[in-house]
Every structure is written in structure tokens, then in C-alpha cells.
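Q: Input: one structure, supplied below.
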Amino acid sequence: MKKNVNKLTFMALLTTIMLILGYIESLFPIPGIPGIKLGLSNSVLMLALYWMGVPEACVLMVMKVLLSGLLFGGVSGMLYAFSGGVLSLAVMSVLIYCFCSFSVIGVGIAGAVCHNIGQVLAAMLVLQTNRLVYYMGVLVLIAIATGAATGTVAALLMKHIPPKVRESVKKKKN
């Protein structure tokens with residue numbers, strides 16, 4: 001029972017941190033390049049993915065998308081964030097659990113690139129145009145840098161969060 005309460009509390013805390021980071025990032029848009037953010041909340045999602053597992057990370061991603069959309073954005077923003085989040089989380093999960101040789105920074109880069117791909121694919125479907133694919137080159141280059149940054153933050157968090165906290169939420173290996 002206590003393990004479930006700890007996990008639920010930790011998930012609520014992570015969701016809150018993700019929302020705060022997303023809000024702070026929205027206050028500092030990058031002029032001239034629409035849709036570009038550092039994506040620090042992805043560091044938190046990666047932490048959950050490594051420590052808690054795929055189902056819990058999926059819940060966190062959905063909660064962040066829904067709450068961010070309701071609080072700060074709109075339905076269209078939720079569609080794009082969800083599309084990017086699903087593809088990003090799927091690829092990061094495969095890299096972590098199937099190809100264990102990837103570093104946290106490599107997983108962060110792959111997640112950022114796939115998040116942008118997911119968002120552009122959703123936009124292409126909604127807007128009924130394939131011209132957005134040309135924007136992909138710019139987004140991939142920026143995603144490499146931002147993904148390296150979020151991967152580094154996630155690696156630092158994993159290294160510096162006290163073992164007692166990590167163990168209270170770590171997914172049991174059966």
C-alpha cells in the first residue's frame with residue numbers, strides 16, 4: 001500500500017514539475033522559429049521511463065499533454081503535443097528496454113527528434129500538405145541540440161537524486 005502511495009505521489013510531483021517547466025518554456029519563445037522549445041519536461045519524462053517503466057511514463061505524458069492543453073494551450077496544441085509525445089515515448093522506450101546500449105543523452109536526442117517528427121506528421125495531416133516536410137531539416141538539427149540538453153539534465157537527475165527517493169518509486173523487477 002505504501003509503495004502505491006509513494007508511486008502515486010511521485011507521479012503527481014513529476015506531472016507538476018513537467019507542467020511548470022512547460023509553462024516557463026512558453027514564456028520564452030524563440031523568435032523566427034515557430035514551435036521550438038528546449039523541452040525540459042522531457043527530462044522528467046525520461047526519468048520516469050527509466051525508473052518507473054513504460055505504463056507510468058505514458059500516464060505522465062498524457063497528463064502533461066491534457067493539463068498543459070487545458071491550462072495554457074488549446075485542443076490543436078494538445079493534438080500536436082500528443083502526436084509528438086506518443087512517437088517520442090515509443091522510440092525512447094524501445095531504445096531503453098530493447099537496445100540497452102544507448103546512453104541517456106542518445107535517448108534524449110532520439111526522443112526530441114521523434115517528437116518533432118510526430119508533430120510535423122500531425123500538422124501535415126491536419127493541414128493537408130506535405131510542404132511541412134521541408135521544415136523537418138531545421139527541426140531535426142535543433143532537436144539534436146535540445147535532445148542532448150534534456151538527456152544531459154535527465155542523466156544528472158538520475159545521478160544526483162538520493163537513492164532513497166529512487167528506490168521508493170523504482171519499478172519492481174519480477
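Ordering of the C-alpha cells sets the chain letters (A, B, ...); residue numbers start at 1 within each chain; ligands are numbered from 1 in the order shown.
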If you count only C-alpha atoms, which residues fall within 12 Å of A:Val138, apart from same-chain ones fewer than 4 positions away, as a PDB file with N, CA, C and O atoms, in the first residue's frame?
A:
```
ATOM      1  N   GLY A  32      11.177  33.804 -34.704  1.00  0.00           N
ATOM      2  CA  GLY A  32      11.536  33.395 -36.056  1.00  0.00           C
ATOM      3  C   GLY A  32      11.497  31.892 -36.296  1.00  0.00           C
ATOM      4  O   GLY A  32      11.573  31.443 -37.421  1.00  0.00           O
ATOM      5  N   ILE A  33      11.420  31.104 -35.213  1.00  0.00           N
ATOM      6  CA  ILE A  33      11.389  29.649 -35.377  1.00  0.00           C
ATOM      7  C   ILE A  33      10.182  29.116 -34.603  1.00  0.00           C
ATOM      8  O   ILE A  33      10.277  28.851 -33.402  1.00  0.00           O
ATOM      9  N   PRO A  34       9.041  28.971 -35.259  1.00  0.00           N
ATOM     10  CA  PRO A  34       7.837  28.533 -34.543  1.00  0.00           C
ATOM     11  C   PRO A  34       7.956  27.096 -34.032  1.00  0.00           C
ATOM     12  O   PRO A  34       8.537  26.230 -34.677  1.00  0.00           O
ATOM     13  N   GLY A  35       7.425  26.894 -32.832  1.00  0.00           N
ATOM     14  CA  GLY A  35       7.344  25.552 -32.272  1.00  0.00           C
ATOM     15  C   GLY A  35       8.604  25.038 -31.613  1.00  0.00           C
ATOM     16  O   GLY A  35       8.638  23.895 -31.170  1.00  0.00           O
ATOM     17  N   ILE A  36       9.634  25.845 -31.486  1.00  0.00           N
ATOM     18  CA  ILE A  36      10.883  25.377 -30.906  1.00  0.00           C
ATOM     19  C   ILE A  36      10.898  25.679 -29.414  1.00  0.00           C
ATOM     20  O   ILE A  36      10.669  26.814 -28.988  1.00  0.00           O
ATOM     21  N   VAL A 113      14.046  14.302 -31.525  1.00  0.00           N
ATOM     22  CA  VAL A 113      13.869  14.202 -32.974  1.00  0.00           C
ATOM     23  C   VAL A 113      12.502  13.594 -33.291  1.00  0.00           C
ATOM     24  O   VAL A 113      11.754  14.107 -34.143  1.00  0.00           O
ATOM     25  N   ASN A 116       9.517  15.940 -32.702  1.00  0.00           N
ATOM     26  CA  ASN A 116       9.325  16.872 -33.818  1.00  0.00           C
ATOM     27  C   ASN A 116       8.725  16.180 -35.036  1.00  0.00           C
ATOM     28  O   ASN A 116       7.858  16.742 -35.708  1.00  0.00           O
ATOM     29  N   ILE A 117       9.179  14.980 -35.325  1.00  0.00           N
ATOM     30  CA  ILE A 117       8.622  14.226 -36.457  1.00  0.00           C
ATOM     31  C   ILE A 117       7.136  13.974 -36.238  1.00  0.00           C
ATOM     32  O   ILE A 117       6.314  14.166 -37.146  1.00  0.00           O
ATOM     33  N   VAL A 120       5.179  17.229 -36.775  1.00  0.00           N
ATOM     34  CA  VAL A 120       5.103  17.616 -38.189  1.00  0.00           C
ATOM     35  C   VAL A 120       4.163  16.686 -38.950  1.00  0.00           C
ATOM     36  O   VAL A 120       3.376  17.143 -39.785  1.00  0.00           O
ATOM     37  N   LEU A 132       5.305  20.816 -45.255  1.00  0.00           N
ATOM     38  CA  LEU A 132       5.920  20.951 -43.931  1.00  0.00           C
ATOM     39  C   LEU A 132       7.136  20.047 -43.763  1.00  0.00           C
ATOM     40  O   LEU A 132       7.935  20.257 -42.860  1.00  0.00           O
ATOM     41  N   VAL A 133       7.272  19.068 -44.621  1.00  0.00           N
ATOM     42  CA  VAL A 133       8.422  18.176 -44.535  1.00  0.00           C
ATOM     43  C   VAL A 133       9.728  18.957 -44.731  1.00  0.00           C
ATOM     44  O   VAL A 133      10.768  18.569 -44.197  1.00  0.00           O
ATOM     45  N   TYR A 134       9.666  20.081 -45.427  1.00  0.00           N
ATOM     46  CA  TYR A 134      10.866  20.887 -45.636  1.00  0.00           C
ATOM     47  C   TYR A 134      11.346  21.530 -44.334  1.00  0.00           C
ATOM     48  O   TYR A 134      12.519  21.820 -44.185  1.00  0.00           O
ATOM     49  N   ILE A 142      17.821  21.234 -34.670  1.00  0.00           N
ATOM     50  CA  ILE A 142      17.562  21.834 -33.362  1.00  0.00           C
ATOM     51  C   ILE A 142      17.260  20.752 -32.333  1.00  0.00           C
ATOM     52  O   ILE A 142      17.699  20.824 -31.179  1.00  0.00           O
ATOM     53  N   ALA A 143      16.542  19.701 -32.753  1.00  0.00           N
ATOM     54  CA  ALA A 143      16.206  18.608 -31.833  1.00  0.00           C
ATOM     55  C   ALA A 143      17.454  17.873 -31.348  1.00  0.00           C
ATOM     56  O   ALA A 143      17.489  17.393 -30.211  1.00  0.00           O
ATOM     57  N   ILE A 144      18.462  17.781 -32.172  1.00  0.00           N
ATOM     58  CA  ILE A 144      19.705  17.137 -31.744  1.00  0.00           C
ATOM     59  C   ILE A 144      20.303  17.913 -30.565  1.00  0.00           C
ATOM     60  O   ILE A 144      20.702  17.333 -29.557  1.00  0.00           O
ATOM     61  N   ALA A 145      20.311  19.224 -30.691  1.00  0.00           N
ATOM     62  CA  ALA A 145      20.863  20.057 -29.612  1.00  0.00           C
ATOM     63  C   ALA A 145      19.977  20.029 -28.370  1.00  0.00           C
ATOM     64  O   ALA A 145      20.469  19.836 -27.250  1.00  0.00           O
TER      65      ALA A 145
END
```
Q: Name all residues at most 9 Å from A:Val153 (count only C-alpha atoms; drop same-chain ones fewer than 6 positions away) and give them as a ChimeraX atom specification.
A: /A:40,43-44,105
Q: Please compute the atom CA of A:Gly111-atom CA of A:Met92 distance, one decimal, in Å.
A: 5.7 Å
Q: Just checking: using only C-alpha atoms, which residue out of A:Val75, A:Leu49, A:Leu70, A:Leu38 ends up closest to A:Val91?
A: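 For A:Val91, the nearest of the candidates is A:Leu49.
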Q: Report, in Å with one decimal, the straight-line distance from atom CA of A:Ala81 to atom CA of A:Ile161.
A: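 So the answer is 27.8 Å.
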Q: Which is closer to A:Leu79 than all the others in A:Leu125, A:Cys100, A:Gly53, A:Gly108, using only C-alpha atoms?
A: A:Leu125
Q: May I ask which of the residues A:Gly39, A:Tyr135, A:Ala149, A:Ala155 is the closest one to A:Ser26, counting only C-alpha atoms?
A: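 Counting only C-alpha atoms, the residue closest to A:Ser26 is A:Gly39.
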Q: With distances taken over only C-alpha atoms, which residue among A:Leu60, A:Val65, A:Met46, A:Ala154 lies nearest A:Gly22?
A: A:Val65
Q: Write out as number ranges by chain all residues of stretch 4-146 of chain A that backbone DSSP assigns to alpha helix (DSSP H).
A: A: 4-26, 41-51, 54-72, 75-97, 104-127, 136-146
Q: Kindly export the residues of the current selection with C-alpha atoms, as a JSON list (two decimals), in the first residue's frame.
A:
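Saved the output as part.json:
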```json
[["chain", "number", "residue", "atom", "x", "y", "z"],
["A", 4, "ASN", "CA", 1.49, 2.61, -4.29],
["A", 5, "VAL", "CA", 1.07, 5.85, -2.35],
["A", 6, "ASN", "CA", 4.75, 6.69, -2.89],
["A", 7, "LYS", "CA", 4.44, 5.97, -6.61],
["A", 8, "LEU", "CA", 1.25, 8.00, -6.99],
["A", 9, "THR", "CA", 2.74, 10.89, -5.05],
["A", 10, "PHE", "CA", 5.92, 10.79, -7.11],
["A", 11, "MET", "CA", 3.90, 10.70, -10.35],
["A", 12, "ALA", "CA", 1.88, 13.73, -9.20],
["A", 13, "LEU", "CA", 5.10, 15.55, -8.35],
["A", 14, "LEU", "CA", 6.63, 14.70, -11.74],
["A", 15, "THR", "CA", 3.47, 15.86, -13.54],
["A", 16, "THR", "CA", 3.59, 19.14, -11.65],
["A", 17, "ILE", "CA", 7.26, 19.65, -12.47],
["A", 18, "MET", "CA", 6.59, 18.91, -16.14],
["A", 19, "LEU", "CA", 3.76, 21.46, -16.21],
["A", 20, "ILE", "CA", 5.88, 24.13, -14.53],
["A", 21, "LEU", "CA", 8.80, 23.54, -16.91],
["A", 22, "GLY", "CA", 6.45, 23.64, -19.91],
["A", 23, "TYR", "CA", 4.90, 26.88, -18.71],
["A", 24, "ILE", "CA", 8.29, 28.51, -18.08],
["A", 25, "GLU", "CA", 9.44, 27.50, -21.57],
["A", 26, "SER", "CA", 6.32, 29.03, -23.10],
["A", 41, "SER", "CA", 9.81, 18.39, -19.31],
["A", 42, "ASN", "CA", 11.11, 15.57, -21.49],
["A", 43, "SER", "CA", 13.95, 15.17, -18.96],
["A", 44, "VAL", "CA", 11.36, 14.44, -16.32],
["A", 45, "LEU", "CA", 9.55, 12.02, -18.61],
["A", 46, "MET", "CA", 12.83, 10.21, -19.29],
["A", 47, "LEU", "CA", 13.44, 9.94, -15.56],
["A", 48, "ALA", "CA", 10.03, 8.31, -15.15],
["A", 49, "LEU", "CA", 10.67, 6.00, -18.08],
["A", 50, "TYR", "CA", 13.95, 4.75, -16.63],
["A", 51, "TRP", "CA", 12.78, 4.45, -13.02],
["A", 54, "VAL", "CA", 6.56, 2.49, -19.78],
["A", 55, "PRO", "CA", 2.98, 2.44, -18.41],
["A", 56, "GLU", "CA", 3.73, 5.10, -15.80],
["A", 57, "ALA", "CA", 5.61, 7.25, -18.31],
["A", 58, "CYS", "CA", 2.63, 7.00, -20.69],
["A", 59, "VAL", "CA", 0.31, 8.22, -17.95],
["A", 60, "LEU", "CA", 2.63, 11.13, -17.21],
["A", 61, "MET", "CA", 2.87, 12.10, -20.87],
["A", 62, "VAL", "CA", -0.92, 12.03, -21.29],
["A", 63, "MET", "CA", -1.44, 14.02, -18.09],
["A", 64, "LYS", "CA", 1.09, 16.63, -19.16],
["A", 65, "VAL", "CA", -0.47, 16.99, -22.61],
["A", 66, "LEU", "CA", -4.02, 17.23, -21.27],
["A", 67, "LEU", "CA", -3.26, 19.60, -18.42],
["A", 68, "SER", "CA", -0.94, 21.81, -20.49],
["A", 69, "GLY", "CA", -3.57, 21.99, -23.22],
["A", 70, "LEU", "CA", -6.33, 22.88, -20.79],
["A", 71, "LEU", "CA", -4.27, 25.39, -18.82],
["A", 72, "PHE", "CA", -2.06, 27.04, -21.43],
["A", 75, "VAL", "CA", -7.17, 21.42, -28.47],
["A", 76, "SER", "CA", -4.94, 21.85, -31.51],
["A", 77, "GLY", "CA", -1.90, 22.21, -29.26],
["A", 78, "MET", "CA", -2.90, 19.04, -27.47],
["A", 79, "LEU", "CA", -3.15, 17.18, -30.78],
["A", 80, "TYR", "CA", 0.37, 18.14, -31.81],
["A", 81, "ALA", "CA", 1.84, 17.56, -28.34],
["A", 82, "PHE", "CA", 0.15, 14.17, -28.10],
["A", 83, "SER", "CA", 1.35, 13.12, -31.57],
["A", 84, "GLY", "CA", 4.91, 14.11, -30.76],
["A", 85, "GLY", "CA", 4.70, 12.63, -27.28],
["A", 86, "VAL", "CA", 3.46, 9.23, -28.43],
["A", 87, "LEU", "CA", 6.15, 8.81, -31.09],
["A", 88, "SER", "CA", 8.87, 10.15, -28.80],
["A", 89, "LEU", "CA", 7.88, 7.94, -25.88],
["A", 90, "ALA", "CA", 7.59, 4.86, -28.10],
["A", 91, "VAL", "CA", 11.07, 5.34, -29.56],
["A", 92, "MET", "CA", 12.64, 6.16, -26.19],
["A", 93, "SER", "CA", 11.01, 3.06, -24.67],
["A", 94, "VAL", "CA", 12.38, 0.83, -27.41],
["A", 95, "LEU", "CA", 15.85, 2.31, -27.06],
["A", 96, "ILE", "CA", 15.86, 1.92, -23.27],
["A", 97, "TYR", "CA", 14.31, -1.52, -22.97],
["A", 104, "VAL", "CA", 20.65, 8.71, -21.65],
["A", 105, "ILE", "CA", 21.82, 11.54, -23.89],
["A", 106, "GLY", "CA", 21.30, 9.39, -27.00],
["A", 107, "VAL", "CA", 17.80, 8.52, -25.81],
["A", 108, "GLY", "CA", 17.13, 12.24, -25.24],
["A", 109, "ILE", "CA", 18.24, 13.09, -28.77],
["A", 110, "ALA", "CA", 16.13, 10.32, -30.30],
["A", 111, "GLY", "CA", 13.14, 11.44, -28.22],
["A", 112, "ALA", "CA", 13.48, 15.07, -29.29],
["A", 113, "VAL", "CA", 13.87, 14.20, -32.97],
["A", 114, "CYS", "CA", 10.87, 11.84, -32.88],
["A", 115, "HIS", "CA", 8.77, 14.39, -31.00],
["A", 116, "ASN", "CA", 9.32, 16.87, -33.82],
["A", 117, "ILE", "CA", 8.62, 14.23, -36.46],
["A", 118, "GLY", "CA", 5.36, 13.30, -34.72],
["A", 119, "GLN", "CA", 4.26, 16.92, -34.55],
["A", 120, "VAL", "CA", 5.10, 17.62, -38.19],
["A", 121, "LEU", "CA", 3.28, 14.47, -39.33],
["A", 122, "ALA", "CA", 0.21, 15.54, -37.37],
["A", 123, "ALA", "CA", 0.40, 19.03, -38.86],
["A", 124, "MET", "CA", 0.76, 17.58, -42.36],
["A", 125, "LEU", "CA", -2.41, 15.54, -41.83],
["A", 126, "VAL", "CA", -4.39, 18.40, -40.32],
["A", 127, "LEU", "CA", -3.29, 20.97, -42.89],
["A", 136, "MET", "CA", 11.85, 18.96, -40.80],
["A", 137, "GLY", "CA", 15.55, 19.57, -41.56],
["A", 138, "VAL", "CA", 15.60, 22.64, -39.32],
["A", 139, "LEU", "CA", 13.65, 20.86, -36.61],
["A", 140, "VAL", "CA", 15.93, 17.80, -36.63],
["A", 141, "LEU", "CA", 19.06, 19.90, -36.25],
["A", 142, "ILE", "CA", 17.56, 21.83, -33.36],
["A", 143, "ALA", "CA", 16.21, 18.61, -31.83],
["A", 144, "ILE", "CA", 19.70, 17.14, -31.74],
["A", 145, "ALA", "CA", 20.86, 20.06, -29.61],
["A", 146, "THR", "CA", 17.78, 20.22, -27.39]]
```
Q: Just how far from atom CA of A:Lys37 is atom CA of A:Cys98, in Å to one decimal?
A: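 Computing it gives 28.3 Å between the two atoms.
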